[in-house]
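Asker: Before anything else, here's the structure in question.
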Amino acid sequence: MLINLNINGKAYNNVNVPSLDMPLLWVLRDILGLTGTKYGCGIEVCGACTIIIDNQREHSCVFNVGSAVGKQITTIEGLSPAGTQNHPVQQAWIQNQVPQCGYCQPGMIMATEAARRAGHHGKEILSEVKHLCVCGTYQRIRQAVQYL
Ligand code: FES
Ligand code: FES
């Protein structure tokens with residue numbers, strides 16, 4: 001079935017999905033090639049798949065693609081579309097050398113950005129970013145959000 005999506009300010013028309021129930025994560029990664037969003041648990045526990053839909057943080061592993069039609073979807077690729085990593089959250093992450101393996105970091109960054117859009121700043125953001133990081137980068141995330 002063919003659907004239209006708006007992702008990172010760009011129209012993706014006639015996206016061919018097998019079902020409207022397909023998790024958005026797999027549409028992003030496997031159909032559209034937007035692989036910045038990661039899979040971790042698939043059950044809304046780890047946060048690796050976090051994206052922003054209409055300014056709300058969402059877990060794309062359980063968000064049906066049919067529910068995303070007509071909404072503004074933002075993925076990690078959309079924060080600094082030119083690839084310059086000049087978005088304030090990315091800059092804070094770089095300056096504090098947050099990532100280790102990096103796998104969980106797109107979800108951490110997107111949850112942080114959603115918290116900023118909700119009006120949170122500094123350490124307030126931490127209550128919105130309770131994700132899993134097996135590398136244990138939590139201390140550097142605490143440092144980074146102080147600048148936001
Ligand atoms: S993969 Fe979605 S919360 Fe873990
Ligand atoms: S940086 Fe490796 S899982 Fe978080």
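In the structure tokens, chains take the letters A, B, ... in the order shown, each chain's residues start at 1, and ligands count up from 1 in the order shown.
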Please return as a PyMOL selection string the residues found within 8 Å of ligand 2, counting only C-alpha atoms and all ligand atoms.

Answerer: chain A and resi 98-105+132-137

Asker: Could you report the residues within 7 Å of ligand 1, using only C-alpha atoms and all ligand atoms, as a PyMOL selection string?

Answerer: chain A and resi 38-50+59-62

Asker: Hey, can you spit out that residue selection with N, CA and C atoms as a PDB file, in the first residue's frame?

Answerer:
```pdb
ATOM      1  N   LYS A  38      17.945   3.840  15.640  1.00  0.00           N
ATOM      2  CA  LYS A  38      18.426   2.480  15.944  1.00  0.00           C
ATOM      3  C   LYS A  38      17.361   1.603  16.595  1.00  0.00           C
ATOM      4  N   TYR A  39      17.565   0.302  16.444  1.00  0.00           N
ATOM      5  CA  TYR A  39      16.742  -0.702  17.121  1.00  0.00           C
ATOM      6  C   TYR A  39      17.499  -1.263  18.308  1.00  0.00           C
ATOM      7  N   GLY A  40      16.817  -1.288  19.452  1.00  0.00           N
ATOM      8  CA  GLY A  40      17.439  -1.907  20.622  1.00  0.00           C
ATOM      9  C   GLY A  40      16.586  -3.036  21.166  1.00  0.00           C
ATOM     10  N   CYS A  41      15.424  -2.680  21.723  1.00  0.00           N
ATOM     11  CA  CYS A  41      14.606  -3.671  22.424  1.00  0.00           C
ATOM     12  C   CYS A  41      13.306  -3.997  21.714  1.00  0.00           C
ATOM     13  N   GLY A  42      12.728  -3.023  21.051  1.00  0.00           N
ATOM     14  CA  GLY A  42      11.450  -3.224  20.371  1.00  0.00           C
ATOM     15  C   GLY A  42      10.247  -3.175  21.287  1.00  0.00           C
ATOM     16  N   ILE A  43      10.454  -2.872  22.565  1.00  0.00           N
ATOM     17  CA  ILE A  43       9.340  -2.883  23.527  1.00  0.00           C
ATOM     18  C   ILE A  43       9.329  -1.615  24.385  1.00  0.00           C
ATOM     19  N   GLU A  44       9.809  -0.509  23.841  1.00  0.00           N
ATOM     20  CA  GLU A  44       9.740   0.795  24.529  1.00  0.00           C
ATOM     21  C   GLU A  44      10.496   0.839  25.857  1.00  0.00           C
ATOM     22  N   VAL A  45      11.611   0.149  25.918  1.00  0.00           N
ATOM     23  CA  VAL A  45      12.403   0.156  27.151  1.00  0.00           C
ATOM     24  C   VAL A  45      13.711   0.913  26.972  1.00  0.00           C
ATOM     25  N   CYS A  46      14.414   0.698  25.866  1.00  0.00           N
ATOM     26  CA  CYS A  46      15.788   1.215  25.767  1.00  0.00           C
ATOM     27  C   CYS A  46      15.880   2.656  25.273  1.00  0.00           C
ATOM     28  N   GLY A  47      14.971   3.081  24.410  1.00  0.00           N
ATOM     29  CA  GLY A  47      14.995   4.457  23.887  1.00  0.00           C
ATOM     30  C   GLY A  47      15.839   4.648  22.643  1.00  0.00           C
ATOM     31  N   ALA A  48      16.487   3.603  22.151  1.00  0.00           N
ATOM     32  CA  ALA A  48      17.377   3.759  20.991  1.00  0.00           C
ATOM     33  C   ALA A  48      16.638   4.234  19.737  1.00  0.00           C
ATOM     34  N   CYS A  49      15.364   3.936  19.649  1.00  0.00           N
ATOM     35  CA  CYS A  49      14.580   4.223  18.432  1.00  0.00           C
ATOM     36  C   CYS A  49      13.861   5.562  18.494  1.00  0.00           C
ATOM     37  N   THR A  50      14.202   6.406  19.459  1.00  0.00           N
ATOM     38  CA  THR A  50      13.439   7.641  19.695  1.00  0.00           C
ATOM     39  C   THR A  50      13.539   8.612  18.527  1.00  0.00           C
ATOM     40  N   HIS A  59       8.578   6.488  20.481  1.00  0.00           N
ATOM     41  CA  HIS A  59       9.386   5.296  20.230  1.00  0.00           C
ATOM     42  C   HIS A  59       8.960   4.717  18.880  1.00  0.00           C
ATOM     43  N   SER A  60       9.829   4.851  17.893  1.00  0.00           N
ATOM     44  CA  SER A  60       9.434   4.418  16.551  1.00  0.00           C
ATOM     45  C   SER A  60       9.314   2.908  16.441  1.00  0.00           C
ATOM     46  N   CYS A  61       9.820   2.152  17.420  1.00  0.00           N
ATOM     47  CA  CYS A  61       9.713   0.690  17.367  1.00  0.00           C
ATOM     48  C   CYS A  61       8.284   0.217  17.578  1.00  0.00           C
ATOM     49  N   VAL A  62       7.439   1.073  18.165  1.00  0.00           N
ATOM     50  CA  VAL A  62       6.050   0.663  18.408  1.00  0.00           C
ATOM     51  C   VAL A  62       5.053   1.652  17.795  1.00  0.00           C
TER      52      VAL A  62
END
```

Asker: I'd like the neighbourhood of A:Glu124 as a PDB file with C-alpha atoms, in the first residue's frame, where a residue qualifies if any of its atoms comes within 12 Å (using only C-alpha atoms), though same-chain residues fewer than 2 positions away should be ignored.

Answerer:
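The new file out_16.pdb reads:
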```
ATOM      1  CA  THR A 112      16.990  15.693  24.547  1.00  0.00           C
ATOM      2  CA  ALA A 115      12.666  17.950  25.982  1.00  0.00           C
ATOM      3  CA  ARG A 116      14.044  21.277  24.730  1.00  0.00           C
ATOM      4  CA  ALA A 118       8.847  21.139  25.525  1.00  0.00           C
ATOM      5  CA  GLY A 119      10.641  24.012  27.259  1.00  0.00           C
ATOM      6  CA  HIS A 120      13.054  22.064  29.452  1.00  0.00           C
ATOM      7  CA  HIS A 121      16.617  23.250  29.949  1.00  0.00           C
ATOM      8  CA  GLY A 122      19.752  22.085  31.704  1.00  0.00           C
ATOM      9  CA  LEU A 126      17.549  14.467  32.344  1.00  0.00           C
ATOM     10  CA  SER A 127      14.115  13.431  33.588  1.00  0.00           C
ATOM     11  CA  GLU A 128      13.069  13.094  29.931  1.00  0.00           C
ATOM     12  CA  VAL A 129      16.080  11.020  28.856  1.00  0.00           C
ATOM     13  CA  LYS A 130      15.911   7.788  30.844  1.00  0.00           C
ATOM     14  CA  ARG A 142      24.682  15.028  32.534  1.00  0.00           C
ATOM     15  CA  VAL A 145      22.736  18.980  29.059  1.00  0.00           C
ATOM     16  CA  GLN A 146      24.044  21.718  31.348  1.00  0.00           C
ATOM     17  CA  TYR A 147      24.761  23.731  28.207  1.00  0.00           C
ATOM     18  CA  LEU A 148      21.221  23.397  26.794  1.00  0.00           C
TER      19      LEU A 148
END
```

Asker: If we count only C-alpha atoms and set the cut-off at 9 Å, which residues sit around A:Ile53, ignoring sequence neighbours fewer than 5 positions away in its own chain? Please answer as a PyMOL selection string.

Answerer: chain A and resi 58+68+71-75

Asker: Kindly give the distance, in Å, that separates atom CA of A:Asn55 and atom CA of A:Val15, rounded to a single decimal.

Answerer: 22.5 Å

Asker: What are the DSSP alpha helix (DSSP H) residues of stretch 8-113 of chain A, as a ChimeraX atom specification?

Answerer: /A:24-26,88-95,105-113

Asker: Ranking A:Arg117, A:Ile125, A:Leu2, A:Met108 by minimum distance to A:Ile51 and counting only C-alpha atoms, which one comes first?

Answerer: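 Checking each of A:Arg117, A:Ile125, A:Leu2, A:Met108 against A:Ile51, counting only C-alpha atoms, the winner is A:Met108.
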
Asker: Can you check which residues of chain A DSSP gives as strand (DSSP E) on the backbone and send them as number ranges by chain?

Answerer: A: 2-7, 10-16, 50-53, 56-59, 72-74

Asker: How about saving the chosen residues, C-alpha atoms kept, as an mmCIF file, in the first residue's frame?

Answerer:
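Output (out-v9.cif):
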```cif
data_model
loop_
_atom_site.group_PDB
_atom_site.id
_atom_site.type_symbol
_atom_site.label_atom_id
_atom_site.label_comp_id
_atom_site.auth_asym_id
_atom_site.auth_seq_id
_atom_site.Cartn_x
_atom_site.Cartn_y
_atom_site.Cartn_z
ATOM 1 C CA LEU A 2 1.214 3.481 -0.858
ATOM 2 C CA ILE A 3 1.368 6.281 1.707
ATOM 3 C CA ASN A 4 2.826 9.782 1.953
ATOM 4 C CA LEU A 5 5.106 10.800 4.803
ATOM 5 C CA ASN A 6 6.785 14.049 5.808
ATOM 6 C CA ILE A 7 10.216 13.408 7.277
ATOM 7 C CA LYS A 10 10.818 16.556 3.051
ATOM 8 C CA ALA A 11 7.843 14.891 1.391
ATOM 9 C CA TYR A 12 8.210 11.153 0.821
ATOM 10 C CA ASN A 13 5.360 10.294 -1.529
ATOM 11 C CA ASN A 14 4.085 6.859 -2.509
ATOM 12 C CA VAL A 15 6.075 4.987 0.110
ATOM 13 C CA ASN A 16 5.234 1.346 -0.379
ATOM 14 C CA THR A 50 13.439 7.641 19.695
ATOM 15 C CA ILE A 51 12.295 10.166 17.105
ATOM 16 C CA ILE A 52 10.121 13.287 17.252
ATOM 17 C CA ILE A 53 6.621 13.398 15.770
ATOM 18 C CA GLN A 56 6.494 14.841 20.778
ATOM 19 C CA ARG A 57 9.071 12.196 21.632
ATOM 20 C CA GLU A 58 7.983 8.812 20.289
ATOM 21 C CA HIS A 59 9.386 5.296 20.230
ATOM 22 C CA GLN A 72 5.850 16.053 10.912
ATOM 23 C CA ILE A 73 8.462 13.376 11.581
ATOM 24 C CA THR A 74 11.964 14.343 12.686
#
```

Asker: Record the distance separating atom CA of A:Leu34 and atom CA of A:Gly83, expressed in Å with one decimal.

Answerer: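 If I compute the distance from atom CA of A:Leu34 to atom CA of A:Gly83, I get 13.4 Å.
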
Asker: Rounded to one decimal place, report the atom CA of A:Ile109-atom CA of A:Val65 distance in Å.

Answerer: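 Atom CA of A:Ile109 sits 21.9 Å away from atom CA of A:Val65.
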